[in-house]
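*Asks:* Okay, so here is query_22.tsv, and as you'll see once you scroll down, it has TSV, N, CA and C atoms.
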chain	number	residue	atom	x	y	z
A	28	GLN	N	-23.75	-27.29	27.33
A	28	GLN	CA	-23.93	-28.61	27.91
A	28	GLN	C	-24.87	-29.43	27.06
A	29	VAL	N	-24.60	-30.71	27.01
A	29	VAL	CA	-25.46	-31.66	26.33
A	29	VAL	C	-25.82	-32.76	27.32
A	30	GLN	N	-27.08	-33.06	27.41
A	30	GLN	CA	-27.53	-34.17	28.25
A	30	GLN	C	-27.91	-35.34	27.34
A	31	LEU	N	-27.45	-36.53	27.74
A	31	LEU	CA	-27.69	-37.74	26.94
A	31	LEU	C	-28.39	-38.78	27.80
A	32	VAL	N	-29.44	-39.36	27.25
A	32	VAL	CA	-30.19	-40.38	27.97
A	32	VAL	C	-30.35	-41.60	27.07
A	33	GLU	N	-29.77	-42.72	27.51
A	33	GLU	CA	-29.86	-43.96	26.76
A	33	GLU	C	-31.08	-44.77	27.21
A	34	SER	N	-31.56	-45.60	26.31
A	34	SER	CA	-32.62	-46.55	26.63
A	34	SER	C	-32.55	-47.72	25.66
A	35	GLY	N	-33.30	-48.77	25.98
A	35	GLY	CA	-33.39	-49.90	25.07
A	35	GLY	C	-32.63	-51.14	25.50
A	36	GLY	N	-31.88	-51.03	26.60
A	36	GLY	CA	-31.16	-52.20	27.07
A	36	GLY	C	-32.09	-53.23	27.67
A	37	GLY	N	-31.54	-54.39	27.97
A	37	GLY	CA	-32.34	-55.44	28.57
A	37	GLY	C	-31.63	-56.77	28.58
A	38	LEU	N	-32.38	-57.79	28.95
A	38	LEU	CA	-31.87	-59.17	29.00
A	38	LEU	C	-32.41	-59.92	27.79
A	39	VAL	N	-31.50	-60.45	26.99
A	39	VAL	CA	-31.89	-61.19	25.79
A	39	VAL	C	-31.07	-62.48	25.71
A	40	GLN	N	-31.46	-63.33	24.78
A	40	GLN	CA	-30.71	-64.56	24.56
A	40	GLN	C	-29.74	-64.38	23.39
A	41	ALA	N	-28.74	-65.21	23.38
A	41	ALA	CA	-27.77	-65.18	22.28
A	41	ALA	C	-28.49	-65.34	20.95
A	42	GLY	N	-28.10	-64.51	19.99
A	42	GLY	CA	-28.73	-64.52	18.68
A	42	GLY	C	-29.84	-63.51	18.52
A	43	ASP	N	-30.31	-62.96	19.62
A	43	ASP	CA	-31.38	-61.96	19.56
A	43	ASP	C	-30.84	-60.60	19.12
A	44	SER	N	-31.77	-59.66	18.97
A	44	SER	CA	-31.44	-58.29	18.59
A	44	SER	C	-31.98	-57.30	19.61
A	45	LEU	N	-31.32	-56.16	19.69
A	45	LEU	CA	-31.77	-55.03	20.49
A	45	LEU	C	-31.44	-53.76	19.75
A	46	ARG	N	-32.23	-52.73	19.98
A	46	ARG	CA	-31.88	-51.41	19.47
A	46	ARG	C	-31.81	-50.44	20.63
A	47	LEU	N	-30.63	-49.87	20.82
A	47	LEU	CA	-30.44	-48.84	21.82
A	47	LEU	C	-30.70	-47.47	21.21
A	48	SER	N	-31.24	-46.60	22.03
A	48	SER	CA	-31.48	-45.22	21.62
A	48	SER	C	-30.79	-44.28	22.60
A	49	CYS	N	-30.40	-43.14	22.11
A	49	CYS	CA	-29.80	-42.11	22.95
A	49	CYS	C	-30.37	-40.77	22.51
A	50	VAL	N	-31.11	-40.15	23.39
A	50	VAL	CA	-31.72	-38.86	23.08
A	50	VAL	C	-30.87	-37.75	23.71
A	51	ALA	N	-30.57	-36.74	22.92
A	51	ALA	CA	-29.75	-35.62	23.38
A	51	ALA	C	-30.61	-34.38	23.58
A	52	SER	N	-30.27	-33.62	24.57
A	52	SER	CA	-30.94	-32.34	24.79
A	52	SER	C	-29.87	-31.32	25.17
A	53	GLY	N	-30.21	-30.07	25.01
A	53	GLY	CA	-29.24	-29.02	25.32
A	53	GLY	C	-28.83	-28.31	24.05
A	54	ARG	N	-27.57	-28.42	23.70
A	54	ARG	CA	-27.05	-27.72	22.53
A	54	ARG	C	-27.47	-28.44	21.24
A	55	THR	N	-27.17	-27.83	20.12
A	55	THR	CA	-27.58	-28.34	18.83
A	55	THR	C	-26.96	-29.70	18.56
A	56	PHE	N	-27.81	-30.70	18.45
A	56	PHE	CA	-27.37	-32.08	18.32
A	56	PHE	C	-26.49	-32.29	17.11
A	57	ASN	N	-26.84	-31.67	15.99
A	57	ASN	CA	-26.09	-31.97	14.78
A	57	ASN	C	-24.74	-31.25	14.71
A	58	ASN	N	-24.32	-30.64	15.80
A	58	ASN	CA	-22.95	-30.13	15.89
A	58	ASN	C	-21.97	-31.19	16.36
A	59	TYR	N	-22.49	-32.34	16.78
A	59	TYR	CA	-21.66	-33.32	17.47
A	59	TYR	C	-21.52	-34.63	16.71
A	60	ASN	N	-20.29	-35.11	16.61
A	60	ASN	CA	-20.10	-36.51	16.28
A	60	ASN	C	-20.51	-37.32	17.50
A	61	MET	N	-21.07	-38.49	17.26
A	61	MET	CA	-21.60	-39.29	18.36
A	61	MET	C	-20.96	-40.67	18.38
A	62	GLY	N	-20.93	-41.25	19.57
A	62	GLY	CA	-20.33	-42.57	19.69
A	62	GLY	C	-21.06	-43.43	20.71
A	63	TRP	N	-20.84	-44.72	20.58
A	63	TRP	CA	-21.28	-45.70	21.57
A	63	TRP	C	-20.05	-46.43	22.11
A	64	PHE	N	-20.01	-46.59	23.41
A	64	PHE	CA	-18.98	-47.34	24.09
A	64	PHE	C	-19.65	-48.36	25.01
A	65	ARG	N	-18.87	-49.32	25.46
A	65	ARG	CA	-19.43	-50.29	26.41
A	65	ARG	C	-18.37	-50.68	27.43
A	66	GLN	N	-18.87	-51.08	28.59
A	66	GLN	CA	-17.97	-51.49	29.66
A	66	GLN	C	-18.53	-52.72	30.34
A	67	ALA	N	-17.78	-53.80	30.26
A	67	ALA	CA	-18.15	-55.03	30.94
A	67	ALA	C	-17.58	-55.02	32.35
A	68	PRO	N	-18.14	-55.80	33.26
A	68	PRO	CA	-17.65	-55.81	34.65
A	68	PRO	C	-16.17	-56.14	34.72
A	69	GLY	N	-15.44	-55.32	35.43
A	69	GLY	CA	-14.02	-55.56	35.62
A	69	GLY	C	-13.15	-55.21	34.45
A	70	LYS	N	-13.74	-54.62	33.41
A	70	LYS	CA	-12.97	-54.28	32.21
A	70	LYS	C	-13.03	-52.79	31.94
A	71	GLU	N	-12.14	-52.33	31.05
A	71	GLU	CA	-12.15	-50.94	30.66
A	71	GLU	C	-13.29	-50.64	29.69
A	72	ARG	N	-13.59	-49.37	29.57
A	72	ARG	CA	-14.61	-48.95	28.62
A	72	ARG	C	-14.05	-49.06	27.21
A	73	ASP	N	-14.79	-49.74	26.34
A	73	ASP	CA	-14.34	-49.99	24.98
A	73	ASP	C	-15.21	-49.28	23.96
A	74	PHE	N	-14.59	-48.88	22.87
A	74	PHE	CA	-15.29	-48.27	21.75
A	74	PHE	C	-16.15	-49.31	21.05
A	75	VAL	N	-17.35	-48.90	20.63
A	75	VAL	CA	-18.22	-49.78	19.86
A	75	VAL	C	-18.41	-49.22	18.44
A	76	ALA	N	-18.90	-47.98	18.36
A	76	ALA	CA	-19.16	-47.39	17.05
A	76	ALA	C	-19.27	-45.88	17.18
A	77	SER	N	-19.00	-45.18	16.08
A	77	SER	CA	-19.19	-43.73	16.06
A	77	SER	C	-19.80	-43.32	14.73
A	78	ILE	N	-20.33	-42.11	14.71
A	78	ILE	CA	-20.98	-41.61	13.50
A	78	ILE	C	-20.75	-40.11	13.40
A	79	SER	N	-20.53	-39.65	12.18
A	79	SER	CA	-20.28	-38.23	11.96
A	79	SER	C	-21.53	-37.41	12.22
A	80	TRP	N	-21.34	-36.10	12.34
A	80	TRP	CA	-22.47	-35.24	12.68
A	80	TRP	C	-23.53	-35.24	11.59
A	81	THR	N	-23.14	-35.50	10.35
A	81	THR	CA	-24.12	-35.56	9.26
A	81	THR	C	-24.83	-36.91	9.21
A	82	GLY	N	-24.21	-37.91	9.81
A	82	GLY	CA	-24.74	-39.26	9.69
A	82	GLY	C	-24.26	-39.99	8.46
A	83	GLY	N	-23.42	-39.34	7.67
A	83	GLY	CA	-23.01	-39.93	6.42
A	83	GLY	C	-21.87	-40.91	6.52
A	84	THR	N	-21.15	-40.86	7.62
A	84	THR	CA	-19.99	-41.73	7.80
A	84	THR	C	-20.02	-42.34	9.18
A	85	SER	N	-19.68	-43.61	9.28
A	85	SER	CA	-19.63	-44.27	10.57
A	85	SER	C	-18.44	-45.21	10.61
A	86	TYR	N	-18.15	-45.66	11.80
A	86	TYR	CA	-16.98	-46.51	12.02
A	86	TYR	C	-17.30	-47.41	13.19
A	87	SER	N	-16.93	-48.69	13.07
A	87	SER	CA	-17.25	-49.66	14.12
A	87	SER	C	-16.03	-50.44	14.54
A	88	ALA	N	-16.06	-50.92	15.75
A	88	ALA	CA	-15.02	-51.82	16.24
A	88	ALA	C	-15.09	-53.14	15.49
A	89	ASP	N	-13.95	-53.77	15.33
A	89	ASP	CA	-13.92	-55.05	14.62
A	89	ASP	C	-14.82	-56.09	15.27
A	90	SER	N	-14.92	-56.02	16.59
A	90	SER	CA	-15.69	-57.03	17.33
A	90	SER	C	-17.18	-56.99	17.03
A	91	VAL	N	-17.66	-55.89	16.48
A	91	VAL	CA	-19.10	-55.75	16.22
A	91	VAL	C	-19.43	-55.55	14.74
A	92	LYS	N	-18.41	-55.44	13.90
A	92	LYS	CA	-18.66	-55.22	12.47
A	92	LYS	C	-19.50	-56.34	11.90
A	93	GLY	N	-20.49	-55.95	11.11
A	93	GLY	CA	-21.38	-56.93	10.51
A	93	GLY	C	-22.55	-57.31	11.40
A	94	ARG	N	-22.48	-56.94	12.68
A	94	ARG	CA	-23.58	-57.26	13.61
A	94	ARG	C	-24.26	-56.01	14.15
A	95	PHE	N	-23.49	-54.97	14.43
A	95	PHE	CA	-24.04	-53.74	15.00
A	95	PHE	C	-24.00	-52.63	13.95
A	96	ALA	N	-24.97	-51.73	14.03
A	96	ALA	CA	-25.00	-50.59	13.12
A	96	ALA	C	-25.42	-49.34	13.88
A	97	ILE	N	-24.66	-48.27	13.70
A	97	ILE	CA	-24.98	-46.99	14.33
A	97	ILE	C	-25.67	-46.10	13.30
A	98	SER	N	-26.64	-45.33	13.77
A	98	SER	CA	-27.34	-44.39	12.90
A	98	SER	C	-27.81	-43.22	13.74
A	99	ARG	N	-28.26	-42.17	13.09
A	99	ARG	CA	-28.76	-41.02	13.84
A	99	ARG	C	-29.88	-40.36	13.06
A	100	ASP	N	-30.74	-39.69	13.83
A	100	ASP	CA	-31.82	-38.90	13.26
A	100	ASP	C	-31.71	-37.52	13.89
A	101	ASN	N	-31.13	-36.59	13.16
A	101	ASN	CA	-30.87	-35.27	13.72
A	101	ASN	C	-32.17	-34.52	13.99
A	102	ALA	N	-33.22	-34.84	13.27
A	102	ALA	CA	-34.51	-34.19	13.53
A	102	ALA	C	-35.08	-34.60	14.88
A	103	LYS	N	-34.67	-35.78	15.35
A	103	LYS	CA	-35.17	-36.29	16.64
A	103	LYS	C	-34.11	-36.22	17.73
A	104	ASN	N	-32.95	-35.63	17.40
A	104	ASN	CA	-31.85	-35.53	18.38
A	104	ASN	C	-31.51	-36.89	18.97
A	105	THR	N	-31.50	-37.91	18.13
A	105	THR	CA	-31.34	-39.27	18.61
A	105	THR	C	-30.30	-40.03	17.80
A	106	VAL	N	-29.49	-40.80	18.51
A	106	VAL	CA	-28.57	-41.73	17.88
A	106	VAL	C	-28.95	-43.14	18.30
A	107	TYR	N	-28.81	-44.07	17.39
A	107	TYR	CA	-29.24	-45.45	17.63
A	107	TYR	C	-28.07	-46.42	17.50
A	108	LEU	N	-28.21	-47.54	18.17
A	108	LEU	CA	-27.28	-48.65	17.96
A	108	LEU	C	-28.12	-49.91	17.77
A	109	GLN	N	-28.20	-50.37	16.54
A	109	GLN	CA	-28.90	-51.62	16.24
A	109	GLN	C	-27.93	-52.77	16.44
A	110	MET	N	-28.29	-53.68	17.32
A	110	MET	CA	-27.41	-54.80	17.67
A	110	MET	C	-28.10	-56.10	17.28
A	111	ASN	N	-27.50	-56.80	16.36
A	111	ASN	CA	-28.04	-58.08	15.89
A	111	ASN	C	-27.07	-59.21	16.25
A	112	SER	N	-27.58	-60.43	16.21
A	112	SER	CA	-26.76	-61.62	16.48
A	112	SER	C	-25.95	-61.44	17.76
A	113	LEU	N	-26.63	-61.04	18.80
A	113	LEU	CA	-25.94	-60.75	20.07
A	113	LEU	C	-25.29	-62.00	20.64
A	114	LYS	N	-24.16	-61.78	21.29
A	114	LYS	CA	-23.38	-62.86	21.91
A	114	LYS	C	-23.24	-62.58	23.39
A	115	PRO	N	-23.00	-63.60	24.20
A	115	PRO	CA	-22.79	-63.35	25.64
A	115	PRO	C	-21.67	-62.35	25.90
A	116	GLU	N	-20.64	-62.32	25.06
A	116	GLU	CA	-19.54	-61.38	25.28
A	116	GLU	C	-19.92	-59.93	24.96
A	117	ASP	N	-21.12	-59.70	24.44
A	117	ASP	CA	-21.61	-58.34	24.25
A	117	ASP	C	-22.22	-57.78	25.53
A	118	THR	N	-22.32	-58.59	26.57
A	118	THR	CA	-22.87	-58.15	27.83
A	118	THR	C	-22.02	-57.03	28.41
A	119	ALA	N	-22.67	-55.90	28.69
A	119	ALA	CA	-21.95	-54.72	29.20
A	119	ALA	C	-22.96	-53.61	29.47
A	120	VAL	N	-22.48	-52.57	30.10
A	120	VAL	CA	-23.22	-51.31	30.15
A	120	VAL	C	-22.82	-50.52	28.91
A	121	TYR	N	-23.81	-50.06	28.17
A	121	TYR	CA	-23.56	-49.32	26.94
A	121	TYR	C	-23.80	-47.83	27.18
A	122	TYR	N	-22.81	-47.04	26.76
A	122	TYR	CA	-22.83	-45.61	26.96
A	122	TYR	C	-22.86	-44.87	25.63
A	123	CYS	N	-23.67	-43.85	25.59
A	123	CYS	CA	-23.71	-42.93	24.47
A	123	CYS	C	-22.81	-41.74	24.82
A	124	ALA	N	-22.13	-41.18	23.81
A	124	ALA	CA	-21.24	-40.05	24.05
A	124	ALA	C	-21.30	-39.06	22.90
A	125	ALA	N	-21.09	-37.79	23.24
A	125	ALA	CA	-21.10	-36.72	22.24
A	125	ALA	C	-19.75	-36.02	22.24
A	126	SER	N	-19.28	-35.75	21.03
A	126	SER	CA	-17.97	-35.11	20.87
A	126	SER	C	-18.11	-33.73	20.28
A	127	ALA	N	-17.55	-32.74	20.98
A	127	ALA	CA	-17.54	-31.37	20.48
A	127	ALA	C	-16.25	-31.08	19.71
A	128	SER	N	-15.40	-32.10	19.56
A	128	SER	CA	-14.13	-31.90	18.85
A	128	SER	C	-14.39	-31.52	17.41
A	129	ARG	N	-13.57	-30.64	16.90
A	129	ARG	CA	-13.71	-30.18	15.53
A	129	ARG	C	-12.76	-30.92	14.61
A	130	GLY	N	-13.03	-30.87	13.34
A	130	GLY	CA	-12.16	-31.52	12.36
A	130	GLY	C	-12.96	-32.45	11.49
A	131	ILE	N	-12.37	-32.81	10.36
A	131	ILE	CA	-13.03	-33.73	9.45
A	131	ILE	C	-13.18	-35.07	10.16
A	132	TYR	N	-14.38	-35.63	10.06
A	132	TYR	CA	-14.64	-36.90	10.74
A	132	TYR	C	-13.67	-37.97	10.26
A	133	ASN	N	-13.10	-38.63	11.23
A	133	ASN	CA	-12.12	-39.69	10.97
A	133	ASN	C	-12.45	-40.81	11.93
A	134	GLY	N	-12.82	-41.96	11.43
A	134	GLY	CA	-13.28	-43.05	12.28
A	134	GLY	C	-12.33	-43.40	13.40
A	135	PRO	N	-11.07	-43.71	13.09
A	135	PRO	CA	-10.14	-44.08	14.17
A	135	PRO	C	-9.99	-42.99	15.23
A	136	ARG	N	-10.00	-41.72	14.83
A	136	ARG	CA	-9.86	-40.65	15.82
A	136	ARG	C	-11.04	-40.68	16.79
A	137	TRP	N	-12.23	-40.86	16.27
A	137	TRP	CA	-13.40	-40.81	17.14
A	137	TRP	C	-13.72	-42.18	17.76
A	138	SER	N	-12.75	-43.06	17.76
A	138	SER	CA	-12.87	-44.28	18.55
A	138	SER	C	-12.23	-44.12	19.92
A	139	ALA	N	-11.61	-42.98	20.15
A	139	ALA	CA	-10.95	-42.71	21.42
A	139	ALA	C	-11.90	-42.01	22.37
A	140	SER	N	-12.02	-42.52	23.59
A	140	SER	CA	-12.97	-41.95	24.53
A	140	SER	C	-12.63	-40.51	24.90
A	141	ASN	N	-11.36	-40.14	24.81
A	141	ASN	CA	-11.00	-38.77	25.19
A	141	ASN	C	-11.40	-37.73	24.14
A	142	GLU	N	-11.98	-38.15	23.03
A	142	GLU	CA	-12.52	-37.20	22.06
A	142	GLU	C	-13.93	-36.75	22.45
A	143	TYR	N	-14.51	-37.39	23.44
A	143	TYR	CA	-15.90	-37.16	23.80
A	143	TYR	C	-16.00	-36.33	25.07
A	144	ASN	N	-16.92	-35.37	25.02
A	144	ASN	CA	-17.06	-34.42	26.12
A	144	ASN	C	-18.24	-34.74	27.03
A	145	TYR	N	-19.25	-35.41	26.49
A	145	TYR	CA	-20.48	-35.64	27.23
A	145	TYR	C	-20.84	-37.12	27.15
A	146	TRP	N	-21.32	-37.64	28.28
A	146	TRP	CA	-21.64	-39.06	28.39
A	146	TRP	C	-23.00	-39.25	29.02
A	147	GLY	N	-23.70	-40.28	28.57
A	147	GLY	CA	-24.94	-40.67	29.22
A	147	GLY	C	-24.68	-41.52	30.44
A	148	GLN	N	-25.75	-41.94	31.09
A	148	GLN	CA	-25.62	-42.70	32.33
A	148	GLN	C	-25.45	-44.20	32.06
A	149	GLY	N	-25.71	-44.62	30.84
A	149	GLY	CA	-25.52	-46.02	30.45
A	149	GLY	C	-26.81	-46.82	30.54
A	150	THR	N	-26.85	-47.88	29.73
A	150	THR	CA	-27.96	-48.82	29.76
A	150	THR	C	-27.39	-50.23	29.72
A	151	GLN	N	-27.92	-51.10	30.57
A	151	GLN	CA	-27.37	-52.45	30.69
A	151	GLN	C	-27.90	-53.36	29.59
A	152	VAL	N	-26.99	-54.08	28.97
A	152	VAL	CA	-27.34	-55.12	28.01
A	152	VAL	C	-26.76	-56.43	28.52
A	153	THR	N	-27.62	-57.41	28.70
A	153	THR	CA	-27.19	-58.73	29.18
A	153	THR	C	-27.64	-59.77	28.18
A	154	VAL	N	-26.68	-60.56	27.72
A	154	VAL	CA	-26.97	-61.59	26.72
A	154	VAL	C	-26.68	-62.95	27.36
A	155	SER	N	-27.71	-63.75	27.47
A	155	SER	CA	-27.55	-65.09	28.06
A	155	SER	C	-27.27	-66.12	26.97
A	156	SER	N	-26.55	-67.16	27.35
A	156	SER	CA	-26.18	-68.19	26.38
A	156	SER	C	-27.22	-69.30	26.30
Translate the structure described by the file into structure tokens.
*Replies:*
Amino acid sequence: QVQLVESGGGLVQAGDSLRLSCVASGRTFNNYNMGWFRQAPGKERDFVASISWTGGTSYSADSVKGRFAISRDNAKNTVYLQMNSLKPEDTAVYYCAASASRGIYNGPRWSASNEYNYWGQGTQVTVSS
């Protein structure tokens, strides 16, 4: 089992930045590819970004490319989502997820929520205009 706890959400204005953190506990963190997803009210959960277990490769949704960056620190069992130039449409609950799936990291494959076995409780991000 892996437990994931997100933090760093909040209420910001359009154009501001936030950094989300997700701390993992339980099994060995660097065995897992990690991802961030988000869910806005009344909408499905959408992929935001993922990162390989080494941290050497990442993949982002088109909607956040150039604005958001995912990173990880395996020594701290933590994955981050740096969010810049925030827009009102980025308002959502943001979830961290861990994937125990095996195979060579492939960005599009790890954009699917069904590749992930463990989920955090989410952190709210609200961007006002």
*Asks:* Set the distance at 12 Å and use only C-alpha atoms: which residues neighbour segment 91-94 of chain A once local chain neighbours fewer than 5 positions away are removed? I'd like the list as a PyMOL selection string.
*Replies:* chain A and resi 42-46+63-65+73-76+85-86+108-114+116-117
*Asks:* Take the residues from that selection and put them in a file with N, CA and C atoms, as a PDB file, in the frame of the given file.
*Replies:*
ATOM      1  N   GLY A  42     -28.100 -64.510  19.990  1.00  0.00           N
ATOM      2  CA  GLY A  42     -28.730 -64.520  18.680  1.00  0.00           C
ATOM      3  C   GLY A  42     -29.840 -63.510  18.520  1.00  0.00           C
ATOM      4  N   ASP A  43     -30.310 -62.960  19.620  1.00  0.00           N
ATOM      5  CA  ASP A  43     -31.380 -61.960  19.560  1.00  0.00           C
ATOM      6  C   ASP A  43     -30.840 -60.600  19.120  1.00  0.00           C
ATOM      7  N   SER A  44     -31.770 -59.660  18.970  1.00  0.00           N
ATOM      8  CA  SER A  44     -31.440 -58.290  18.590  1.00  0.00           C
ATOM      9  C   SER A  44     -31.980 -57.300  19.610  1.00  0.00           C
ATOM     10  N   LEU A  45     -31.320 -56.160  19.690  1.00  0.00           N
ATOM     11  CA  LEU A  45     -31.770 -55.030  20.490  1.00  0.00           C
ATOM     12  C   LEU A  45     -31.440 -53.760  19.750  1.00  0.00           C
ATOM     13  N   ARG A  46     -32.230 -52.730  19.980  1.00  0.00           N
ATOM     14  CA  ARG A  46     -31.880 -51.410  19.470  1.00  0.00           C
ATOM     15  C   ARG A  46     -31.810 -50.440  20.630  1.00  0.00           C
ATOM     16  N   TRP A  63     -20.840 -44.720  20.580  1.00  0.00           N
ATOM     17  CA  TRP A  63     -21.280 -45.700  21.570  1.00  0.00           C
ATOM     18  C   TRP A  63     -20.050 -46.430  22.110  1.00  0.00           C
ATOM     19  N   PHE A  64     -20.010 -46.590  23.410  1.00  0.00           N
ATOM     20  CA  PHE A  64     -18.980 -47.340  24.090  1.00  0.00           C
ATOM     21  C   PHE A  64     -19.650 -48.360  25.010  1.00  0.00           C
ATOM     22  N   ARG A  65     -18.870 -49.320  25.460  1.00  0.00           N
ATOM     23  CA  ARG A  65     -19.430 -50.290  26.410  1.00  0.00           C
ATOM     24  C   ARG A  65     -18.370 -50.680  27.430  1.00  0.00           C
ATOM     25  N   ASP A  73     -14.790 -49.740  26.340  1.00  0.00           N
ATOM     26  CA  ASP A  73     -14.340 -49.990  24.980  1.00  0.00           C
ATOM     27  C   ASP A  73     -15.210 -49.280  23.960  1.00  0.00           C
ATOM     28  N   PHE A  74     -14.590 -48.880  22.870  1.00  0.00           N
ATOM     29  CA  PHE A  74     -15.290 -48.270  21.750  1.00  0.00           C
ATOM     30  C   PHE A  74     -16.150 -49.310  21.050  1.00  0.00           C
ATOM     31  N   VAL A  75     -17.350 -48.900  20.630  1.00  0.00           N
ATOM     32  CA  VAL A  75     -18.220 -49.780  19.860  1.00  0.00           C
ATOM     33  C   VAL A  75     -18.410 -49.220  18.440  1.00  0.00           C
ATOM     34  N   ALA A  76     -18.900 -47.980  18.360  1.00  0.00           N
ATOM     35  CA  ALA A  76     -19.160 -47.390  17.050  1.00  0.00           C
ATOM     36  C   ALA A  76     -19.270 -45.880  17.180  1.00  0.00           C
ATOM     37  N   SER A  85     -19.680 -43.610   9.280  1.00  0.00           N
ATOM     38  CA  SER A  85     -19.630 -44.270  10.570  1.00  0.00           C
ATOM     39  C   SER A  85     -18.440 -45.210  10.610  1.00  0.00           C
ATOM     40  N   TYR A  86     -18.150 -45.660  11.800  1.00  0.00           N
ATOM     41  CA  TYR A  86     -16.980 -46.510  12.020  1.00  0.00           C
ATOM     42  C   TYR A  86     -17.300 -47.410  13.190  1.00  0.00           C
ATOM     43  N   LEU A 108     -28.210 -47.540  18.170  1.00  0.00           N
ATOM     44  CA  LEU A 108     -27.280 -48.650  17.960  1.00  0.00           C
ATOM     45  C   LEU A 108     -28.120 -49.910  17.770  1.00  0.00           C
ATOM     46  N   GLN A 109     -28.200 -50.370  16.540  1.00  0.00           N
ATOM     47  CA  GLN A 109     -28.900 -51.620  16.240  1.00  0.00           C
ATOM     48  C   GLN A 109     -27.930 -52.770  16.440  1.00  0.00           C
ATOM     49  N   MET A 110     -28.290 -53.680  17.320  1.00  0.00           N
ATOM     50  CA  MET A 110     -27.410 -54.800  17.670  1.00  0.00           C
ATOM     51  C   MET A 110     -28.100 -56.100  17.280  1.00  0.00           C
ATOM     52  N   ASN A 111     -27.500 -56.800  16.360  1.00  0.00           N
ATOM     53  CA  ASN A 111     -28.040 -58.080  15.890  1.00  0.00           C
ATOM     54  C   ASN A 111     -27.070 -59.210  16.250  1.00  0.00           C
ATOM     55  N   SER A 112     -27.580 -60.430  16.210  1.00  0.00           N
ATOM     56  CA  SER A 112     -26.760 -61.620  16.480  1.00  0.00           C
ATOM     57  C   SER A 112     -25.950 -61.440  17.760  1.00  0.00           C
ATOM     58  N   LEU A 113     -26.630 -61.040  18.800  1.00  0.00           N
ATOM     59  CA  LEU A 113     -25.940 -60.750  20.070  1.00  0.00           C
ATOM     60  C   LEU A 113     -25.290 -62.000  20.640  1.00  0.00           C
ATOM     61  N   LYS A 114     -24.160 -61.780  21.290  1.00  0.00           N
ATOM     62  CA  LYS A 114     -23.380 -62.860  21.910  1.00  0.00           C
ATOM     63  C   LYS A 114     -23.240 -62.580  23.390  1.00  0.00           C
ATOM     64  N   GLU A 116     -20.640 -62.320  25.060  1.00  0.00           N
ATOM     65  CA  GLU A 116     -19.540 -61.380  25.280  1.00  0.00           C
ATOM     66  C   GLU A 116     -19.920 -59.930  24.960  1.00  0.00           C
ATOM     67  N   ASP A 117     -21.120 -59.700  24.440  1.00  0.00           N
ATOM     68  CA  ASP A 117     -21.610 -58.340  24.250  1.00  0.00           C
ATOM     69  C   ASP A 117     -22.220 -57.780  25.530  1.00  0.00           C
TER      70      ASP A 117
END
*Asks:* How many Å separate atom CA of Gln151 of chain A from atom CA of Ser34 of chain A?
*Replies:* 8.9 Å
*Asks:* Measuring atom to atom with only N, CA and C atoms, identify which of A:Gly53, A:Thr153, A:Ile78, A:Arg129 is nearest to Leu31 of chain A.
*Replies:*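 Comparing A:Gly53, A:Thr153, A:Ile78, A:Arg129 against Leu31 of chain A, the winner is A:Gly53.
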*Asks:* Go ahead and compute the interatomic distance for atom C of Tyr143 of chain A and atom N of Gln30 of chain A, in Å to one decimal.
*Replies:*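 Answer for the atom C of Tyr143 of chain A to atom N of Gln30 of chain A separation: 11.8 Å.
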*Asks:* Expressed in Å to a single decimal, how great is the separation between atom C of Phe95 of chain A and atom CA of Gln28 of chain A?
*Replies:*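 The value is 27.8 Å.
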*Asks:* Taking the chain letters and numbering used in this document, name the residues of segment 35-153 of chain A that DSSP puts in strand (DSSP E or B), as number ranges by chain.
*Replies:* A: 37-40, 45-53, 60-66, 72-78, 85-87, 95-100, 105-110, 119-126, 145-146, 150-153
*Asks:* Using only C-alpha atoms, which protein or nucleic acid residues come within 12 Å of Lys103 of chain A? Drop anything in the same chain fewer than 5 positions from it, and give the result as an NGL selection string.
*Replies:* :A and (48-52 or 55-57 or 98)
*Asks:* Pull N, CA and C atoms from the residues just selected and write them as a short mmCIF file (atom, residue, chain, number, x, y, z; two decimals), in the frame of the given file.
*Replies:*
data_model
loop_
_atom_site.label_atom_id
_atom_site.label_comp_id
_atom_site.auth_asym_id
_atom_site.auth_seq_id
_atom_site.Cartn_x
_atom_site.Cartn_y
_atom_site.Cartn_z
N SER A 48 -31.24 -46.60 22.03
CA SER A 48 -31.48 -45.22 21.62
C SER A 48 -30.79 -44.28 22.60
N CYS A 49 -30.40 -43.14 22.11
CA CYS A 49 -29.80 -42.11 22.95
C CYS A 49 -30.37 -40.77 22.51
N VAL A 50 -31.11 -40.15 23.39
CA VAL A 50 -31.72 -38.86 23.08
C VAL A 50 -30.87 -37.75 23.71
N ALA A 51 -30.57 -36.74 22.92
CA ALA A 51 -29.75 -35.62 23.38
C ALA A 51 -30.61 -34.38 23.58
N SER A 52 -30.27 -33.62 24.57
CA SER A 52 -30.94 -32.34 24.79
C SER A 52 -29.87 -31.32 25.17
N THR A 55 -27.17 -27.83 20.12
CA THR A 55 -27.58 -28.34 18.83
C THR A 55 -26.96 -29.70 18.56
N PHE A 56 -27.81 -30.70 18.45
CA PHE A 56 -27.37 -32.08 18.32
C PHE A 56 -26.49 -32.29 17.11
N ASN A 57 -26.84 -31.67 15.99
CA ASN A 57 -26.09 -31.97 14.78
C ASN A 57 -24.74 -31.25 14.71
N SER A 98 -26.64 -45.33 13.77
CA SER A 98 -27.34 -44.39 12.90
C SER A 98 -27.81 -43.22 13.74
#
*Asks:* If I wrap all listed atoms of segment 121-127 of chain A in a box with edges along x, y and z and add 5 Å on each side, what are its centre and edge lengths in Å to one decimal, as lines of an AutoDock Vina configuration file?
*Replies:*
center_x = -20.0
center_y = -40.6
center_z = 23.9
size_x = 17.6
size_y = 29.0
size_z = 18.5
*Asks:* Tell me, which residues of segment 37-141 of chain A carry DSSP helix (DSSP H, G or I), written as a list in words?
*Replies:*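 Taking segment 37-141 of chain A and keeping helix (DSSP H, G or I) only, one gets Phe56, Asn57, Asn58, Asn101, Ala102, Lys103, Pro115, Glu116, Asp117, Arg136, Trp137, Ser138, Ser140 and Asn141 of chain A.
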*Asks:* Could you check the closest approach to Val106 of chain A for each of A:Ala41, A:Pro68, A:Met61, A:Ile131 and tell me which residue wins, using all atoms listed in the file?
*Replies:*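 For Val106 of chain A, the nearest of the given residues is A:Met61.
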